[in-house]
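Coordinates as given in work-v2.txt (compact mmCIF, N, CA and C atoms):
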```txt
# COMPACT_ATOMS: atom_id res chain seq x y z
N THR L 1 24.49 57.77 -40.77
CA THR L 1 24.11 58.93 -41.55
C THR L 1 24.03 58.54 -43.02
N ILE L 2 22.95 58.88 -43.65
CA ILE L 2 22.80 58.66 -45.09
C ILE L 2 22.66 60.02 -45.74
N THR L 3 23.47 60.26 -46.76
CA THR L 3 23.40 61.53 -47.48
C THR L 3 23.31 61.25 -48.97
N LEU L 4 22.74 62.21 -49.69
CA LEU L 4 22.71 62.15 -51.14
C LEU L 4 23.78 63.07 -51.67
N ASP L 5 24.61 62.56 -52.55
CA ASP L 5 25.63 63.44 -53.13
C ASP L 5 25.08 64.03 -54.43
N PRO L 6 25.78 64.95 -55.03
CA PRO L 6 25.25 65.64 -56.22
C PRO L 6 24.95 64.74 -57.41
N THR L 7 25.47 63.51 -57.44
CA THR L 7 25.20 62.63 -58.58
C THR L 7 24.06 61.66 -58.26
N ASP L 8 23.29 61.95 -57.24
CA ASP L 8 22.13 61.14 -56.85
C ASP L 8 22.47 59.76 -56.34
N GLU L 9 23.65 59.56 -55.83
CA GLU L 9 24.01 58.29 -55.21
C GLU L 9 23.74 58.38 -53.72
N ILE L 10 23.35 57.26 -53.14
CA ILE L 10 23.18 57.22 -51.69
C ILE L 10 24.51 56.80 -51.09
N ILE L 11 25.00 57.60 -50.17
CA ILE L 11 26.27 57.30 -49.50
C ILE L 11 25.96 57.01 -48.04
N ASN L 12 26.35 55.84 -47.59
CA ASN L 12 26.12 55.44 -46.22
C ASN L 12 27.45 54.96 -45.65
N ASP L 13 27.87 55.56 -44.57
CA ASP L 13 29.16 55.18 -44.00
C ASP L 13 29.03 54.30 -42.77
N ALA L 14 27.86 53.69 -42.59
CA ALA L 14 27.65 52.78 -41.47
C ALA L 14 26.89 51.55 -41.96
N PRO L 15 26.96 50.44 -41.24
CA PRO L 15 26.21 49.25 -41.65
C PRO L 15 24.71 49.57 -41.69
N MET L 16 24.03 49.00 -42.68
CA MET L 16 22.59 49.19 -42.79
C MET L 16 21.87 47.97 -42.22
N LYS L 17 20.73 48.20 -41.62
CA LYS L 17 19.93 47.10 -41.06
C LYS L 17 18.70 46.93 -41.94
N LEU L 18 18.48 45.70 -42.39
CA LEU L 18 17.29 45.39 -43.18
C LEU L 18 16.11 45.19 -42.24
N VAL L 19 14.92 45.47 -42.73
CA VAL L 19 13.71 45.24 -41.95
C VAL L 19 13.51 43.73 -41.80
N ASN L 20 13.14 43.28 -40.60
CA ASN L 20 12.90 41.87 -40.32
C ASN L 20 11.47 41.51 -40.68
N LYS L 21 11.29 40.41 -41.42
CA LYS L 21 9.96 39.90 -41.77
C LYS L 21 9.99 38.38 -41.71
N THR L 22 8.84 37.79 -41.39
CA THR L 22 8.72 36.34 -41.43
C THR L 22 8.25 35.93 -42.83
N VAL L 23 8.32 34.64 -43.12
CA VAL L 23 7.85 34.14 -44.42
C VAL L 23 6.39 34.53 -44.62
N ALA L 24 5.56 34.38 -43.60
CA ALA L 24 4.14 34.71 -43.71
C ALA L 24 3.93 36.20 -44.02
N GLN L 25 4.74 37.06 -43.44
CA GLN L 25 4.60 38.50 -43.67
C GLN L 25 5.00 38.91 -45.08
N LEU L 26 5.89 38.17 -45.72
CA LEU L 26 6.35 38.52 -47.06
C LEU L 26 5.20 38.52 -48.06
N GLY L 27 4.24 37.59 -47.90
CA GLY L 27 3.13 37.49 -48.82
C GLY L 27 2.22 38.71 -48.83
N SER L 28 2.20 39.46 -47.74
CA SER L 28 1.31 40.62 -47.67
C SER L 28 2.02 41.94 -47.95
N LEU L 29 3.32 41.89 -48.20
CA LEU L 29 4.05 43.13 -48.49
C LEU L 29 3.75 43.63 -49.89
N VAL L 30 3.59 44.92 -50.03
CA VAL L 30 3.49 45.54 -51.36
C VAL L 30 4.91 45.97 -51.70
N SER L 31 5.54 45.29 -52.64
CA SER L 31 6.94 45.51 -52.92
C SER L 31 7.20 45.68 -54.40
N SER L 32 8.30 46.33 -54.70
CA SER L 32 8.73 46.45 -56.09
C SER L 32 9.98 45.60 -56.30
N VAL L 33 10.27 45.32 -57.56
CA VAL L 33 11.44 44.52 -57.90
C VAL L 33 12.68 45.12 -57.25
N GLY L 34 13.46 44.27 -56.62
CA GLY L 34 14.69 44.70 -55.98
C GLY L 34 14.55 45.01 -54.51
N SER L 35 13.34 44.95 -53.97
CA SER L 35 13.16 45.16 -52.53
C SER L 35 13.91 44.08 -51.77
N VAL L 36 14.43 44.44 -50.60
CA VAL L 36 15.24 43.52 -49.80
C VAL L 36 14.74 43.53 -48.35
N VAL L 37 14.66 42.35 -47.75
CA VAL L 37 14.30 42.20 -46.34
C VAL L 37 15.21 41.14 -45.72
N PHE L 38 15.15 41.05 -44.39
CA PHE L 38 15.82 39.96 -43.68
C PHE L 38 14.74 39.02 -43.21
N CYS L 39 14.67 37.82 -43.79
CA CYS L 39 13.63 36.84 -43.47
C CYS L 39 14.09 36.04 -42.25
N THR L 40 13.37 36.20 -41.15
CA THR L 40 13.82 35.66 -39.87
C THR L 40 13.56 34.17 -39.68
N ASN L 41 12.62 33.61 -40.44
CA ASN L 41 12.29 32.19 -40.23
C ASN L 41 12.29 31.38 -41.52
N GLU L 42 13.15 31.70 -42.44
CA GLU L 42 13.26 30.97 -43.70
C GLU L 42 13.68 29.54 -43.39
N SER L 43 13.23 28.58 -44.20
CA SER L 43 13.47 27.16 -43.90
C SER L 43 14.96 26.80 -43.82
N GLY L 44 15.81 27.50 -44.53
CA GLY L 44 17.24 27.25 -44.47
C GLY L 44 17.95 28.06 -43.40
N GLY L 45 17.20 28.80 -42.60
CA GLY L 45 17.75 29.67 -41.57
C GLY L 45 17.55 31.13 -41.95
N ALA L 46 17.59 31.98 -41.00
CA ALA L 46 17.38 33.41 -41.23
C ALA L 46 18.41 33.95 -42.23
N GLN L 47 17.92 34.73 -43.21
CA GLN L 47 18.82 35.27 -44.23
C GLN L 47 18.13 36.36 -45.04
N PRO L 48 18.92 37.17 -45.75
CA PRO L 48 18.33 38.20 -46.61
C PRO L 48 17.57 37.57 -47.77
N ALA L 49 16.53 38.29 -48.21
CA ALA L 49 15.75 37.85 -49.36
C ALA L 49 15.43 39.07 -50.22
N PHE L 50 15.27 38.85 -51.52
CA PHE L 50 14.94 39.94 -52.42
C PHE L 50 13.69 39.59 -53.23
N TYR L 51 12.97 40.62 -53.70
CA TYR L 51 11.76 40.41 -54.48
C TYR L 51 12.09 40.55 -55.95
N ASP L 52 11.71 39.54 -56.75
CA ASP L 52 12.04 39.55 -58.18
C ASP L 52 10.87 40.00 -59.07
N GLY L 53 9.80 40.45 -58.45
CA GLY L 53 8.61 40.87 -59.18
C GLY L 53 7.49 39.85 -59.10
N ALA L 54 7.83 38.62 -58.73
CA ALA L 54 6.84 37.56 -58.59
C ALA L 54 7.00 36.80 -57.27
N ASN L 55 8.25 36.62 -56.83
CA ASN L 55 8.55 35.82 -55.64
C ASN L 55 9.64 36.48 -54.80
N TRP L 56 9.61 36.15 -53.51
CA TRP L 56 10.73 36.49 -52.63
C TRP L 56 11.73 35.36 -52.75
N ARG L 57 13.00 35.69 -52.95
CA ARG L 57 14.04 34.68 -53.16
C ARG L 57 15.20 34.89 -52.19
N ARG L 58 15.82 33.76 -51.80
CA ARG L 58 17.00 33.82 -50.93
C ARG L 58 18.18 34.35 -51.72
N PHE L 59 19.03 35.09 -51.05
CA PHE L 59 20.27 35.55 -51.67
C PHE L 59 21.19 34.39 -52.00
N THR L 60 21.23 33.38 -51.12
CA THR L 60 22.23 32.32 -51.22
C THR L 60 22.15 31.50 -52.50
N ASP L 61 20.92 31.15 -52.93
CA ASP L 61 20.80 30.28 -54.10
C ASP L 61 19.62 30.64 -55.01
N ARG L 62 18.99 31.77 -54.76
CA ARG L 62 17.86 32.28 -55.55
C ARG L 62 16.61 31.41 -55.46
N ALA L 63 16.58 30.45 -54.53
CA ALA L 63 15.38 29.63 -54.34
C ALA L 63 14.28 30.51 -53.72
N VAL L 64 13.03 30.18 -54.04
CA VAL L 64 11.91 30.91 -53.48
C VAL L 64 11.88 30.66 -51.96
N VAL L 65 11.69 31.73 -51.21
CA VAL L 65 11.64 31.65 -49.75
C VAL L 65 10.49 30.76 -49.34
N SER L 66 10.73 29.90 -48.35
CA SER L 66 9.66 29.02 -47.86
C SER L 66 9.76 28.85 -46.35
```
Is it possible to give me this structure as C-alpha cells?
Amino acid sequence: TITLDPTDEIINDAPMKLVNKTVAQLGSLVSSVGSVVFCTNESGGAQPAFYDGANWRRFTDRAVVS
C-alpha cells in the first residue's frame, strides 16, 4: 500500500519492486533525472541503475551501464 500523507511524502510500508529493463531497453526509455530501474543484464551483473540526465549509471560505482 502506498499512501500520501498531508506533507506530500510517499509512505510505503512494503518492499518496492523496480521495473526490469535490459541495457538495450534503457536507450529507448524517456526518463527524467533520478529515474530508477533494475537492469537485468548489466555487464557486472543485474543491479539497480539510475538516470543522471545523460546516462544510466550503476548504483554500485556510478559507472555508465553497459
Problem set entry | Sel. within 7 Å of pt (21.4, 34.8, -49.6), counting only C-alpha atoms, output as a PyMOL selection string | chain L and resi 47-49+58-61
Hey, can you spit out that residue selection with N, CA and C atoms as a CSV table (one decimal), keeping the file's coordinate frame?
```csv
chain,number,residue,atom,x,y,z
L,47,GLN,N,17.9,34.7,-43.2
L,47,GLN,CA,18.8,35.3,-44.2
L,47,GLN,C,18.1,36.4,-45.0
L,48,PRO,N,18.9,37.2,-45.8
L,48,PRO,CA,18.3,38.2,-46.6
L,48,PRO,C,17.6,37.6,-47.8
L,49,ALA,N,16.5,38.3,-48.2
L,49,ALA,CA,15.8,37.8,-49.4
L,49,ALA,C,15.4,39.1,-50.2
L,58,ARG,N,15.8,33.8,-51.8
L,58,ARG,CA,17.0,33.8,-50.9
L,58,ARG,C,18.2,34.4,-51.7
L,59,PHE,N,19.0,35.1,-51.0
L,59,PHE,CA,20.3,35.6,-51.7
L,59,PHE,C,21.2,34.4,-52.0
L,60,THR,N,21.2,33.4,-51.1
L,60,THR,CA,22.2,32.3,-51.2
L,60,THR,C,22.2,31.5,-52.5
L,61,ASP,N,20.9,31.2,-52.9
L,61,ASP,CA,20.8,30.3,-54.1
L,61,ASP,C,19.6,30.6,-55.0
```
For this session: One decimal, Å: what's the distance from atom CA of Pro15 of chain L over to atom CA of Ser28 of chain L, could you say?
Result: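 Straight-line distance from atom CA of Pro15 of chain L to atom CA of Ser28 of chain L works out to 27.0 Å.
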Exercise. Residues at most 8 Å from Ser66 of chain L, counting only N, CA and C atoms, excluding those fewer than 5 positions away in the same chain, as a PyMOL selection string?
Worked result: chain L and resi 23-24+41-44+56-58
Exercise. Where in chain L does DSSP assign strand (DSSP E), given as an MDAnalysis selection string?
Worked result: chainID L and resid 2:4 10:12 20:21 36:39 47:51 56:58
Since we have the selection now, will you write its residues out, keeping N, CA and C atoms, as a PDB file, in the coordinates of the input?
```pdb
ATOM      1  N   ILE L   2      22.950  58.880 -43.650  1.00  0.00           N
ATOM      2  CA  ILE L   2      22.800  58.660 -45.090  1.00  0.00           C
ATOM      3  C   ILE L   2      22.660  60.020 -45.740  1.00  0.00           C
ATOM      4  N   THR L   3      23.470  60.260 -46.760  1.00  0.00           N
ATOM      5  CA  THR L   3      23.400  61.530 -47.480  1.00  0.00           C
ATOM      6  C   THR L   3      23.310  61.250 -48.970  1.00  0.00           C
ATOM      7  N   LEU L   4      22.740  62.210 -49.690  1.00  0.00           N
ATOM      8  CA  LEU L   4      22.710  62.150 -51.140  1.00  0.00           C
ATOM      9  C   LEU L   4      23.780  63.070 -51.670  1.00  0.00           C
ATOM     10  N   ILE L  10      23.350  57.260 -53.140  1.00  0.00           N
ATOM     11  CA  ILE L  10      23.180  57.220 -51.690  1.00  0.00           C
ATOM     12  C   ILE L  10      24.510  56.800 -51.090  1.00  0.00           C
ATOM     13  N   ILE L  11      25.000  57.600 -50.170  1.00  0.00           N
ATOM     14  CA  ILE L  11      26.270  57.300 -49.500  1.00  0.00           C
ATOM     15  C   ILE L  11      25.960  57.010 -48.040  1.00  0.00           C
ATOM     16  N   ASN L  12      26.350  55.840 -47.590  1.00  0.00           N
ATOM     17  CA  ASN L  12      26.120  55.440 -46.220  1.00  0.00           C
ATOM     18  C   ASN L  12      27.450  54.960 -45.650  1.00  0.00           C
ATOM     19  N   ASN L  20      13.140  43.280 -40.600  1.00  0.00           N
ATOM     20  CA  ASN L  20      12.900  41.870 -40.320  1.00  0.00           C
ATOM     21  C   ASN L  20      11.470  41.510 -40.680  1.00  0.00           C
ATOM     22  N   LYS L  21      11.290  40.410 -41.420  1.00  0.00           N
ATOM     23  CA  LYS L  21       9.960  39.900 -41.770  1.00  0.00           C
ATOM     24  C   LYS L  21       9.990  38.380 -41.710  1.00  0.00           C
ATOM     25  N   VAL L  36      14.430  44.440 -50.600  1.00  0.00           N
ATOM     26  CA  VAL L  36      15.240  43.520 -49.800  1.00  0.00           C
ATOM     27  C   VAL L  36      14.740  43.530 -48.350  1.00  0.00           C
ATOM     28  N   VAL L  37      14.660  42.350 -47.750  1.00  0.00           N
ATOM     29  CA  VAL L  37      14.300  42.200 -46.340  1.00  0.00           C
ATOM     30  C   VAL L  37      15.210  41.140 -45.720  1.00  0.00           C
ATOM     31  N   PHE L  38      15.150  41.050 -44.390  1.00  0.00           N
ATOM     32  CA  PHE L  38      15.820  39.960 -43.680  1.00  0.00           C
ATOM     33  C   PHE L  38      14.740  39.020 -43.210  1.00  0.00           C
ATOM     34  N   CYS L  39      14.670  37.820 -43.790  1.00  0.00           N
ATOM     35  CA  CYS L  39      13.630  36.840 -43.470  1.00  0.00           C
ATOM     36  C   CYS L  39      14.090  36.040 -42.250  1.00  0.00           C
ATOM     37  N   GLN L  47      17.920  34.730 -43.210  1.00  0.00           N
ATOM     38  CA  GLN L  47      18.820  35.270 -44.230  1.00  0.00           C
ATOM     39  C   GLN L  47      18.130  36.360 -45.040  1.00  0.00           C
ATOM     40  N   PRO L  48      18.920  37.170 -45.750  1.00  0.00           N
ATOM     41  CA  PRO L  48      18.330  38.200 -46.610  1.00  0.00           C
ATOM     42  C   PRO L  48      17.570  37.570 -47.770  1.00  0.00           C
ATOM     43  N   ALA L  49      16.530  38.290 -48.210  1.00  0.00           N
ATOM     44  CA  ALA L  49      15.750  37.850 -49.360  1.00  0.00           C
ATOM     45  C   ALA L  49      15.430  39.070 -50.220  1.00  0.00           C
ATOM     46  N   PHE L  50      15.270  38.850 -51.520  1.00  0.00           N
ATOM     47  CA  PHE L  50      14.940  39.940 -52.420  1.00  0.00           C
ATOM     48  C   PHE L  50      13.690  39.590 -53.230  1.00  0.00           C
ATOM     49  N   TYR L  51      12.970  40.620 -53.700  1.00  0.00           N
ATOM     50  CA  TYR L  51      11.760  40.410 -54.480  1.00  0.00           C
ATOM     51  C   TYR L  51      12.090  40.550 -55.950  1.00  0.00           C
ATOM     52  N   TRP L  56       9.610  36.150 -53.510  1.00  0.00           N
ATOM     53  CA  TRP L  56      10.730  36.490 -52.630  1.00  0.00           C
ATOM     54  C   TRP L  56      11.730  35.360 -52.750  1.00  0.00           C
ATOM     55  N   ARG L  57      13.000  35.690 -52.950  1.00  0.00           N
ATOM     56  CA  ARG L  57      14.040  34.680 -53.160  1.00  0.00           C
ATOM     57  C   ARG L  57      15.200  34.890 -52.190  1.00  0.00           C
ATOM     58  N   ARG L  58      15.820  33.760 -51.800  1.00  0.00           N
ATOM     59  CA  ARG L  58      17.000  33.820 -50.930  1.00  0.00           C
ATOM     60  C   ARG L  58      18.180  34.350 -51.720  1.00  0.00           C
TER      61      ARG L  58
END
```
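Omitting Ser32 of chain L and its sequence neighbours fewer than 3 positions away, and counting all atoms listed in the file, the residues within 7 Å are Ser35, Tyr51, Asp52 and Gly53 of chain L.
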Those selected residues, please, written with N, CA and C atoms and delivered as a compact mmCIF listing (two decimals), in the coordinates of the input.
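Once everything was written out, this is result_14.txt:
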```txt
# COMPACT_ATOMS: atom_id res chain seq x y z
N SER L 35 13.34 44.95 -53.97
CA SER L 35 13.16 45.16 -52.53
C SER L 35 13.91 44.08 -51.77
N TYR L 51 12.97 40.62 -53.70
CA TYR L 51 11.76 40.41 -54.48
C TYR L 51 12.09 40.55 -55.95
N ASP L 52 11.71 39.54 -56.75
CA ASP L 52 12.04 39.55 -58.18
C ASP L 52 10.87 40.00 -59.07
N GLY L 53 9.80 40.45 -58.45
CA GLY L 53 8.61 40.87 -59.18
C GLY L 53 7.49 39.85 -59.10
```
Edge lengths and centre in Å, axis-aligned, segment 24-40 of chain L plus 8 Å each side, as lines of an AutoDock Vina configuration file:
```
center_x = 8.6
center_y = 40.3
center_z = -48.8
size_x = 30.5
size_y = 28.3
size_z = 34.2
```
For this session: Apply DSSP to the structure's backbone, then extract all residues of segment 16-48 of chain L labelled helix (DSSP H, G or I) and return them as a PyMOL selection string.
Result: chain L and resi 23-26
Exercise. What is the distance, in Å and to one decimal place, between atom N of Lys21 of chain L and atom C of Val33 of chain L?
Worked result: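 That distance, rounded to one decimal, is 16.6 Å.
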So that I can see what lies close to Asn20 of chain L, please list as an mmCIF file with N, CA and C atoms, keeping the file's coordinate frame the residues with an atom at most 7 Å from it, counting all atoms listed in the file and leaving out residues fewer than 6 positions away in the same chain.
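Output saved as out_7.cif:
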```cif
data_model
loop_
_atom_site.group_PDB
_atom_site.id
_atom_site.type_symbol
_atom_site.label_atom_id
_atom_site.label_comp_id
_atom_site.auth_asym_id
_atom_site.auth_seq_id
_atom_site.Cartn_x
_atom_site.Cartn_y
_atom_site.Cartn_z
ATOM 1 N N VAL L 37 14.660 42.350 -47.750
ATOM 2 C CA VAL L 37 14.300 42.200 -46.340
ATOM 3 C C VAL L 37 15.210 41.140 -45.720
ATOM 4 N N PHE L 38 15.150 41.050 -44.390
ATOM 5 C CA PHE L 38 15.820 39.960 -43.680
ATOM 6 C C PHE L 38 14.740 39.020 -43.210
ATOM 7 N N CYS L 39 14.670 37.820 -43.790
ATOM 8 C CA CYS L 39 13.630 36.840 -43.470
ATOM 9 C C CYS L 39 14.090 36.040 -42.250
ATOM 10 N N THR L 40 13.370 36.200 -41.150
ATOM 11 C CA THR L 40 13.820 35.660 -39.870
ATOM 12 C C THR L 40 13.560 34.170 -39.680
#
```
For this session: Figure out the distance between atom N of Ala54 of chain L and atom C of Ser31 of chain L, please, to one decimal in Å.
Result: 8.3 Å
